[in-house]
file entry_38.tsv (TSV, C-alpha atoms)
chain	number	residue	atom	x	y	z
A	1	MET	CA	0.00	0.00	0.00
A	2	ILE	CA	2.82	2.41	0.86
A	3	ILE	CA	4.71	1.95	-2.45
A	4	PRO	CA	1.76	3.05	-4.68
A	5	ILE	CA	1.31	6.13	-2.49
A	6	ILE	CA	5.00	6.98	-2.93
A	7	LEU	CA	4.67	6.65	-6.72
A	8	ILE	CA	1.70	9.02	-6.74
A	9	VAL	CA	3.57	11.55	-4.60
A	10	VAL	CA	6.63	11.37	-6.89
A	11	THR	CA	4.51	11.94	-10.01
A	12	ILE	CA	2.71	14.94	-8.54
A	13	GLY	CA	5.94	16.27	-7.04
A	14	PHE	CA	7.53	16.94	-10.41
A	15	PHE	CA	4.88	19.57	-11.15
A	16	LEU	CA	4.09	21.08	-7.76
A	17	SER	CA	6.26	22.57	-5.05
A	18	ILE	CA	7.31	20.44	-2.10
A	19	PRO	CA	5.42	22.57	0.47
A	20	ILE	CA	2.17	21.99	-1.45
A	21	ASN	CA	2.90	18.26	-1.67
A	22	ILE	CA	3.71	18.08	2.02
A	23	LEU	CA	0.50	19.95	2.82
A	24	ILE	CA	-1.50	17.43	0.74
A	25	ILE	CA	0.23	14.44	2.37
A	26	ASN	CA	-0.30	15.90	5.83
A	27	TYR	CA	-3.97	16.61	5.12
A	28	LEU	CA	-4.44	12.99	4.04
A	29	SER	CA	-2.58	11.93	7.19
A	30	SER	CA	-4.81	14.19	9.27
A	31	LEU	CA	-7.89	12.55	7.73
A	32	MET	CA	-6.50	9.11	8.56
A	33	PHE	CA	-5.75	10.21	12.13
A	34	PHE	CA	-9.25	11.67	12.49
A	35	ILE	CA	-10.94	8.47	11.29
A	36	TYR	CA	-8.72	6.43	13.61
A	37	LYS	CA	-9.68	8.71	16.51
A	38	ILE	CA	-13.42	8.37	15.78
A	39	LYS	CA	-13.22	4.58	15.46
A	40	ASN	CA	-11.23	4.25	18.68
A	41	SER	CA	-12.85	6.96	20.79
A	42	ASN	CA	-12.80	4.84	23.97
A	43	LYS	CA	-9.06	4.24	23.70
A	44	TYR	CA	-8.54	7.96	23.00
A	45	ILE	CA	-9.96	8.68	26.43
A	46	SER	CA	-8.25	5.86	28.35
A	47	LEU	CA	-4.75	5.84	26.80
A	48	SER	CA	-2.03	8.47	26.93
A	49	PRO	CA	-1.84	10.54	23.71
A	50	ARG	CA	1.49	8.99	22.69
A	51	ASP	CA	0.27	5.43	23.22
A	52	PHE	CA	-2.99	6.12	21.41
A	53	TRP	CA	-1.38	7.60	18.30
A	54	ASN	CA	1.51	5.11	18.13
A	55	LYS	CA	-0.11	2.74	15.60
A	56	PRO	CA	-1.09	5.31	12.92
A	57	CYS	CA	2.15	7.20	13.52
A	58	SER	CA	4.05	3.99	12.78
A	59	PHE	CA	2.35	3.81	9.37
A	60	ILE	CA	3.18	7.46	8.57
A	61	ALA	CA	6.77	6.96	9.74
A	62	ARG	CA	7.19	3.94	7.44
A	63	PHE	CA	5.85	5.98	4.52
A	64	TRP	CA	8.37	8.81	5.00
A	65	TYR	CA	11.20	6.38	5.78
A	66	LEU	CA	10.62	4.37	2.57
A	67	PHE	CA	10.00	7.48	0.50
A	68	GLY	CA	13.33	8.94	1.63
A	69	LYS	CA	15.18	5.71	0.88
A	70	ILE	CA	13.58	5.13	-2.53
A	71	TYR	CA	13.38	8.66	-3.92
A	72	HIS	CA	16.33	10.42	-2.28
A	73	GLY	CA	18.61	7.56	-1.25
A	74	TYR	CA	18.33	9.15	2.18
A	75	GLU	CA	20.80	8.23	4.87
A	76	ILE	CA	21.91	9.66	8.18
A	77	GLU	CA	25.51	9.61	9.37
A	78	GLY	CA	26.29	9.77	13.07
A	79	ILE	CA	22.88	8.72	14.37
A	80	GLU	CA	24.66	7.22	17.39
A	81	GLN	CA	25.23	10.79	18.61
A	82	ILE	CA	21.49	11.04	19.30
A	83	PRO	CA	20.68	9.48	22.69
A	84	SER	CA	18.35	6.47	22.78
A	85	ASP	CA	16.67	8.04	25.79
A	86	GLY	CA	16.88	11.22	27.80
A	87	PRO	CA	16.50	14.86	26.72
A	88	ALA	CA	18.29	16.61	23.87
A	89	ILE	CA	17.64	19.31	21.26
A	90	LEU	CA	18.30	18.64	17.57
A	91	ILE	CA	19.16	21.80	15.61
A	92	LEU	CA	18.72	22.06	11.82
A	93	TYR	CA	19.17	24.57	9.02
A	94	HIS	CA	15.76	25.50	7.54
A	95	PRO	CA	15.81	25.04	3.72
A	96	PRO	CA	13.05	26.38	1.43
A	97	SER	CA	11.50	22.91	1.58
A	98	PRO	CA	12.13	21.53	5.10
A	99	ILE	CA	11.64	17.93	4.04
A	100	ASP	CA	14.64	16.61	5.95
A	101	ALA	CA	12.74	16.84	9.24
A	102	PHE	CA	10.29	14.18	8.03
A	103	PHE	CA	13.13	11.82	7.15
A	104	ILE	CA	15.00	12.43	10.40
A	105	ILE	CA	11.91	12.00	12.58
A	106	SER	CA	10.79	8.84	10.76
A	107	THR	CA	14.29	7.33	10.91
A	108	LEU	CA	14.53	7.94	14.66
A	109	PHE	CA	11.04	6.53	15.16
A	110	ILE	CA	11.83	3.32	13.26
A	111	LYS	CA	15.52	2.77	14.04
A	112	ALA	CA	15.86	4.25	17.52
A	113	LYS	CA	12.25	3.84	18.68
A	114	ARG	CA	12.23	7.51	19.70
A	115	LYS	CA	9.40	9.97	19.27
A	116	THR	CA	10.67	13.42	18.35
A	117	ILE	CA	8.75	16.56	19.23
A	118	ALA	CA	9.08	19.20	16.49
A	119	ILE	CA	8.76	22.88	17.34
A	120	THR	CA	6.47	24.29	14.66
A	121	ASP	CA	5.60	27.79	13.49
A	122	ARG	CA	2.44	29.13	15.14
A	123	MET	CA	0.97	29.74	11.70
A	124	MET	CA	0.62	25.97	11.17
A	125	PHE	CA	-1.91	25.80	14.00
A	126	LYS	CA	-4.18	28.23	12.16
A	127	ILE	CA	-4.55	26.01	9.08
A	128	PRO	CA	-8.09	24.56	9.03
A	129	GLY	CA	-8.23	20.78	9.45
A	130	TYR	CA	-4.57	20.48	10.47
A	131	GLN	CA	-4.95	20.21	14.23
A	132	THR	CA	-5.45	16.43	14.39
A	133	PHE	CA	-2.26	15.87	12.40
A	134	LEU	CA	-0.26	18.20	14.65
A	135	GLU	CA	-1.64	16.50	17.76
A	136	ALA	CA	-0.85	12.99	16.54
A	137	VAL	CA	2.72	13.63	15.40
A	138	GLU	CA	3.46	15.89	18.39
A	139	HIS	CA	4.29	19.11	16.59
A	140	ILE	CA	4.00	21.94	19.07
A	141	SER	CA	4.51	25.69	19.33
A	142	GLY	CA	5.90	26.07	22.80
A	143	THR	CA	7.19	28.82	25.04
A	144	VAL	CA	10.61	28.68	26.67
A	145	GLU	CA	8.97	27.57	29.92
A	146	SER	CA	6.83	24.80	28.37
A	147	CYS	CA	9.77	23.48	26.33
A	148	VAL	CA	11.99	23.40	29.41
A	149	SER	CA	9.29	21.51	31.30
A	150	MET	CA	9.00	18.87	28.56
A	151	LEU	CA	12.77	18.47	28.27
A	152	GLU	CA	13.01	17.94	32.01
A	153	LYS	CA	10.74	14.93	31.44
A	154	GLY	CA	13.23	13.45	28.98
A	155	GLU	CA	11.80	14.51	25.60
A	156	LEU	CA	13.73	14.87	22.33
A	157	PHE	CA	13.16	18.13	20.44
A	158	LEU	CA	13.78	19.10	16.82
A	159	ILE	CA	14.09	22.83	16.06
A	160	TYR	CA	14.73	24.98	12.99
A	161	PRO	CA	16.04	28.17	14.69
A	162	GLY	CA	15.86	30.21	11.47
A	163	GLY	CA	12.24	29.28	10.82
A	164	MET	CA	10.48	29.89	7.52
A	165	LYS	CA	12.23	33.26	7.17
A	166	GLU	CA	15.55	31.44	6.79
A	167	GLY	CA	14.15	29.12	4.15
A	168	LEU	CA	12.32	31.70	2.09
A	169	THR	CA	14.68	34.68	2.20
A	170	SER	CA	18.26	33.48	2.68
A	171	ASN	CA	20.55	32.95	-0.29
A	172	GLY	CA	22.53	29.72	-0.26
A	173	TYR	CA	22.83	28.09	3.14
A	174	ASN	CA	22.95	31.29	5.18
A	175	LEU	CA	21.89	30.95	8.80
A	176	LEU	CA	19.50	33.68	9.97
A	177	TRP	CA	19.73	33.18	13.71
A	178	LYS	CA	19.89	35.70	16.51
A	179	PRO	CA	23.02	35.57	18.71
A	180	ASN	CA	20.74	34.69	21.63
A	181	ALA	CA	18.60	32.19	19.69
A	182	GLY	CA	15.70	30.70	21.62
A	183	PHE	CA	16.92	27.10	21.37
A	184	ALA	CA	20.07	28.05	23.29
A	185	LYS	CA	18.04	29.73	26.02
A	186	VAL	CA	15.93	26.58	26.36
A	187	ALA	CA	18.97	24.28	26.35
A	188	GLN	CA	20.81	26.25	29.03
A	189	LYS	CA	17.74	26.60	31.22
A	190	ALA	CA	16.81	22.91	30.90
A	191	LYS	CA	20.47	21.84	31.22
A	192	VAL	CA	20.27	19.54	28.19
A	193	PRO	CA	22.67	18.79	25.32
A	194	VAL	CA	22.35	20.29	21.84
A	195	ILE	CA	23.03	18.24	18.71
A	196	PRO	CA	23.44	20.06	15.37
A	197	LEU	CA	22.38	18.29	12.15
A	198	PHE	CA	22.92	19.33	8.54
A	199	THR	CA	21.30	17.70	5.52
A	200	LYS	CA	23.25	18.01	2.29
A	201	ASN	CA	21.47	19.06	-0.93
A	202	THR	CA	18.23	20.33	0.61
A	203	ARG	CA	18.42	23.42	-1.61
A	204	GLN	CA	18.81	21.23	-4.69
A	205	VAL	CA	15.58	19.31	-4.06
A	206	SER	CA	13.61	22.06	-5.84
A	207	ALA	CA	14.12	24.84	-8.32
A	208	GLU	CA	13.91	28.22	-6.61
A	209	ILE	CA	12.22	31.29	-8.08
A	210	SER	CA	12.04	34.74	-6.54
A	211	PHE	CA	8.55	36.09	-5.96
A	212	PHE	CA	8.19	39.50	-4.27
A	213	GLY	CA	11.41	38.96	-2.36
A	214	LYS	CA	10.55	35.41	-1.30
A	215	LEU	CA	12.10	32.20	-2.59
A	216	LEU	CA	9.48	29.77	-3.82
A	217	PRO	CA	10.48	26.11	-4.35
A	218	ILE	CA	9.13	24.51	-7.54
A	219	GLY	CA	9.21	20.77	-8.28
A	220	TRP	CA	10.50	17.84	-6.28
A	221	PHE	CA	13.70	16.34	-7.69
A	222	PRO	CA	15.26	12.97	-6.72
A	223	VAL	CA	18.60	14.33	-5.47
A	224	LYS	CA	20.66	12.44	-2.93
A	225	LEU	CA	20.00	13.59	0.65
A	226	LYS	CA	22.30	12.81	3.54
A	227	THR	CA	22.08	14.12	7.08
A	228	TYR	CA	25.26	14.63	9.09
A	229	VAL	CA	24.89	14.52	12.86
A	230	GLY	CA	27.39	16.65	14.74
A	231	GLU	CA	28.96	15.86	18.08
A	232	LYS	CA	26.75	16.35	21.09
A	233	ILE	CA	27.35	19.70	22.82
A	234	GLU	CA	26.89	18.90	26.48
A	235	PHE	CA	25.44	21.39	28.95
A	236	ASP	CA	27.97	23.68	30.61
A	237	GLU	CA	26.71	25.95	33.37
A	238	ASN	CA	29.58	28.37	32.72
A	239	ARG	CA	28.65	28.78	29.03
A	240	SER	CA	26.56	31.73	27.90
A	241	VAL	CA	23.65	31.46	25.48
A	242	GLU	CA	25.66	33.34	22.85
A	243	GLU	CA	28.63	30.99	23.26
A	244	LEU	CA	26.36	27.97	22.73
A	245	VAL	CA	24.97	29.48	19.52
A	246	SER	CA	28.55	30.10	18.32
A	247	LEU	CA	29.49	26.45	18.92
A	248	VAL	CA	26.54	25.31	16.83
A	249	PHE	CA	27.53	27.80	14.11
A	250	ILE	CA	30.98	26.21	13.94
A	251	PHE	CA	29.45	22.86	13.01
A	252	PHE	CA	27.24	24.33	10.27
A	253	ASN	CA	30.07	26.38	8.82
A	254	SER	CA	32.12	23.19	8.51
A	255	LYS	CA	29.35	21.49	6.52
A	256	ILE	CA	27.92	24.26	4.35

call {"tool": "encode", "arguments": {"input": "entry_38.tsv", "output": "structure tokens"}}
result
Amino acid sequence: MIIPIILIVVTIGFFLSIPINILIINYLSSLMFFIYKIKNSNKYISLSPRDFWNKPCSFIARFWYLFGKIYHGYEIEGIEQIPSDGPAILILYHPPSPIDAFFIISTLFIKAKRKTIAITDRMMFKIPGYQTFLEAVEHISGTVESCVSMLEKGELFLIYPGGMKEGLTSNGYNLLWKPNAGFAKVAQKAKVPVIPLFTKNTRQVSAEISFFGKLLPIGWFPVKLKTYVGEKIEFDENRSVEELVSLVFIFFNSKI
């Protein structure tokens, strides 16, 4: 069942932009999650959210995992740097089409049996019909305090510090982060490690056209994608937020 879906996505992807394709896939996923929720309403009440959504999330994870392998030859180098349990923050560069997050999250779900919480732009929560998807896959828009609280419980976070602005306005692989980026504030306050990741060729996945000062990705090309996991940056109480951001910058500058 998954392979035919991948073939359909690939065919459509050549003509539409990746964000539109991702939106379509996520809407279909949201519909599947909604039907699953209605059919299992009793379990939705009695089970924890993570346990309840585990079965449909496993299906979605297998789809993205196989799609990455088949279409992009996706692989991740240094996955052992990501802890099998305990808190950590994964930091990524935000390309025009942030597709690497789907491959990273699905790989960790299947290979490491870890659920990753993605910090998502608040705008995503205003899209009609998208809430069930965001709930099921645990995409959140948290404050510093709520993120710290979740990390103290041992969660694994994935964050694009540059957000959509970085993907749609930066030329090349330029990082548009503030010296006191929010992820560093959260990491220092929660006393958790930070792990930088960079996925090669994310800007070659689509053609980019300029539209009123914004970069719009067109098409979905089968380029090779490989994620490099940097060394874990452990918490240091004597390190400032700005110093932590600088350490993460060093990793990205070595890969870009």

call {"tool": "atom_distance", "arguments": {"input": "entry_38.tsv", "atom1": "atom CA of Phe125 of chain A", "atom2": "atom CA of Ile140 of chain A"}}
result
8.7 Å

call {"tool": "atom_distance", "arguments": {"input": "entry_38.tsv", "atom1": "atom CA of Lys153 of chain A", "atom2": "atom CA of Lys191 of chain A"}}
result
11.9 Å

call {"tool": "residues_around", "arguments": {"input": "entry_38.tsv", "residues": "Ser141 of chain A", "least_positions_apart": "4", "cutoff": "10 Å", "atoms": "all atoms listed in the file", "output": "VMD selection string"}}
result
chain A and resid 118 to 125 146 to 147

call {"tool": "write_last_selection", "arguments": {"input": "entry_38.tsv", "atoms": "C-alpha atoms", "output": "JSON list (two decimals), keeping the file's coordinate frame"}}
result
[["chain", "number", "residue", "atom", "x", "y", "z"],
["A", 118, "ALA", "CA", 9.08, 19.20, 16.49],
["A", 119, "ILE", "CA", 8.76, 22.88, 17.34],
["A", 120, "THR", "CA", 6.47, 24.29, 14.66],
["A", 121, "ASP", "CA", 5.60, 27.79, 13.49],
["A", 122, "ARG", "CA", 2.44, 29.13, 15.14],
["A", 123, "MET", "CA", 0.97, 29.74, 11.70],
["A", 124, "MET", "CA", 0.62, 25.97, 11.17],
["A", 125, "PHE", "CA", -1.91, 25.80, 14.00],
["A", 146, "SER", "CA", 6.83, 24.80, 28.37],
["A", 147, "CYS", "CA", 9.77, 23.48, 26.33]]

call {"tool": "atom_distance", "arguments": {"input": "entry_38.tsv", "atom1": "atom CA of Ala61 of chain A", "atom2": "atom CA of Tyr74 of chain A"}}
result
14.0 Å

call {"tool": "closest_residue", "arguments": {"input": "entry_38.tsv", "among": "A:Pro98, A:Pro128, A:Pro222, A:Pro83", "to": "Thr116 of chain A", "atoms": "only C-alpha atoms"}}
result
A:Pro83

call {"tool": "build_atoms", "arguments": {"input": "entry_38.tsv", "residues": "segment 128-148 of chain A", "atoms": "N, CA and C atoms", "output": "PDB file, in the coordinates of the input"}}
result
ATOM      1  N   PRO A 128      -6.884  25.362   8.758  1.00  0.00           N
ATOM      2  CA  PRO A 128      -8.090  24.560   9.030  1.00  0.00           C
ATOM      3  C   PRO A 128      -7.853  23.065   8.752  1.00  0.00           C
ATOM      4  N   GLY A 129      -8.321  22.215   9.648  1.00  0.00           N
ATOM      5  CA  GLY A 129      -8.230  20.780   9.450  1.00  0.00           C
ATOM      6  C   GLY A 129      -6.864  20.167   9.720  1.00  0.00           C
ATOM      7  N   TYR A 130      -5.952  20.951  10.276  1.00  0.00           N
ATOM      8  CA  TYR A 130      -4.570  20.480  10.470  1.00  0.00           C
ATOM      9  C   TYR A 130      -4.299  20.068  11.916  1.00  0.00           C
ATOM     10  N   GLN A 131      -5.223  20.390  12.808  1.00  0.00           N
ATOM     11  CA  GLN A 131      -4.950  20.210  14.230  1.00  0.00           C
ATOM     12  C   GLN A 131      -4.766  18.742  14.625  1.00  0.00           C
ATOM     13  N   THR A 132      -5.564  17.844  14.031  1.00  0.00           N
ATOM     14  CA  THR A 132      -5.450  16.430  14.390  1.00  0.00           C
ATOM     15  C   THR A 132      -4.085  15.879  13.999  1.00  0.00           C
ATOM     16  N   PHE A 133      -3.587  16.298  12.836  1.00  0.00           N
ATOM     17  CA  PHE A 133      -2.260  15.870  12.400  1.00  0.00           C
ATOM     18  C   PHE A 133      -1.198  16.352  13.386  1.00  0.00           C
ATOM     19  N   LEU A 134      -1.258  17.628  13.743  1.00  0.00           N
ATOM     20  CA  LEU A 134      -0.260  18.200  14.650  1.00  0.00           C
ATOM     21  C   LEU A 134      -0.293  17.520  16.015  1.00  0.00           C
ATOM     22  N   GLU A 135      -1.498  17.194  16.473  1.00  0.00           N
ATOM     23  CA  GLU A 135      -1.640  16.500  17.760  1.00  0.00           C
ATOM     24  C   GLU A 135      -1.021  15.113  17.703  1.00  0.00           C
ATOM     25  N   ALA A 136      -1.306  14.378  16.637  1.00  0.00           N
ATOM     26  CA  ALA A 136      -0.850  12.990  16.540  1.00  0.00           C
ATOM     27  C   ALA A 136       0.656  12.869  16.432  1.00  0.00           C
ATOM     28  N   VAL A 137       1.270  13.734  15.627  1.00  0.00           N
ATOM     29  CA  VAL A 137       2.720  13.630  15.400  1.00  0.00           C
ATOM     30  C   VAL A 137       3.524  14.446  16.403  1.00  0.00           C
ATOM     31  N   GLU A 138       2.827  15.113  17.315  1.00  0.00           N
ATOM     32  CA  GLU A 138       3.460  15.890  18.390  1.00  0.00           C
ATOM     33  C   GLU A 138       4.310  17.029  17.848  1.00  0.00           C
ATOM     34  N   HIS A 139       3.702  17.833  16.987  1.00  0.00           N
ATOM     35  CA  HIS A 139       4.290  19.110  16.590  1.00  0.00           C
ATOM     36  C   HIS A 139       3.677  20.165  17.500  1.00  0.00           C
ATOM     37  N   ILE A 140       4.509  20.961  18.120  1.00  0.00           N
ATOM     38  CA  ILE A 140       4.000  21.940  19.070  1.00  0.00           C
ATOM     39  C   ILE A 140       4.587  23.316  18.784  1.00  0.00           C
ATOM     40  N   SER A 141       3.964  24.332  19.375  1.00  0.00           N
ATOM     41  CA  SER A 141       4.510  25.690  19.330  1.00  0.00           C
ATOM     42  C   SER A 141       4.619  26.140  20.771  1.00  0.00           C
ATOM     43  N   GLY A 142       5.768  25.885  21.363  1.00  0.00           N
ATOM     44  CA  GLY A 142       5.900  26.070  22.800  1.00  0.00           C
ATOM     45  C   GLY A 142       6.619  27.343  23.194  1.00  0.00           C
ATOM     46  N   THR A 143       6.435  27.729  24.440  1.00  0.00           N
ATOM     47  CA  THR A 143       7.190  28.820  25.040  1.00  0.00           C
ATOM     48  C   THR A 143       8.491  28.255  25.613  1.00  0.00           C
ATOM     49  N   VAL A 144       9.368  29.130  26.036  1.00  0.00           N
ATOM     50  CA  VAL A 144      10.610  28.680  26.670  1.00  0.00           C
ATOM     51  C   VAL A 144      10.279  27.818  27.884  1.00  0.00           C
ATOM     52  N   GLU A 145       9.318  28.280  28.679  1.00  0.00           N
ATOM     53  CA  GLU A 145       8.970  27.570  29.920  1.00  0.00           C
ATOM     54  C   GLU A 145       8.377  26.187  29.639  1.00  0.00           C
ATOM     55  N   SER A 146       7.463  26.099  28.654  1.00  0.00           N
ATOM     56  CA  SER A 146       6.830  24.800  28.370  1.00  0.00           C
ATOM     57  C   SER A 146       7.829  23.826  27.756  1.00  0.00           C
ATOM     58  N   CYS A 147       8.741  24.349  26.930  1.00  0.00           N
ATOM     59  CA  CYS A 147       9.770  23.480  26.330  1.00  0.00           C
ATOM     60  C   CYS A 147      10.717  22.955  27.390  1.00  0.00           C
ATOM     61  N   VAL A 148      11.111  23.815  28.316  1.00  0.00           N
ATOM     62  CA  VAL A 148      11.990  23.400  29.410  1.00  0.00           C
ATOM     63  C   VAL A 148      11.317  22.306  30.228  1.00  0.00           C
TER      64      VAL A 148
END
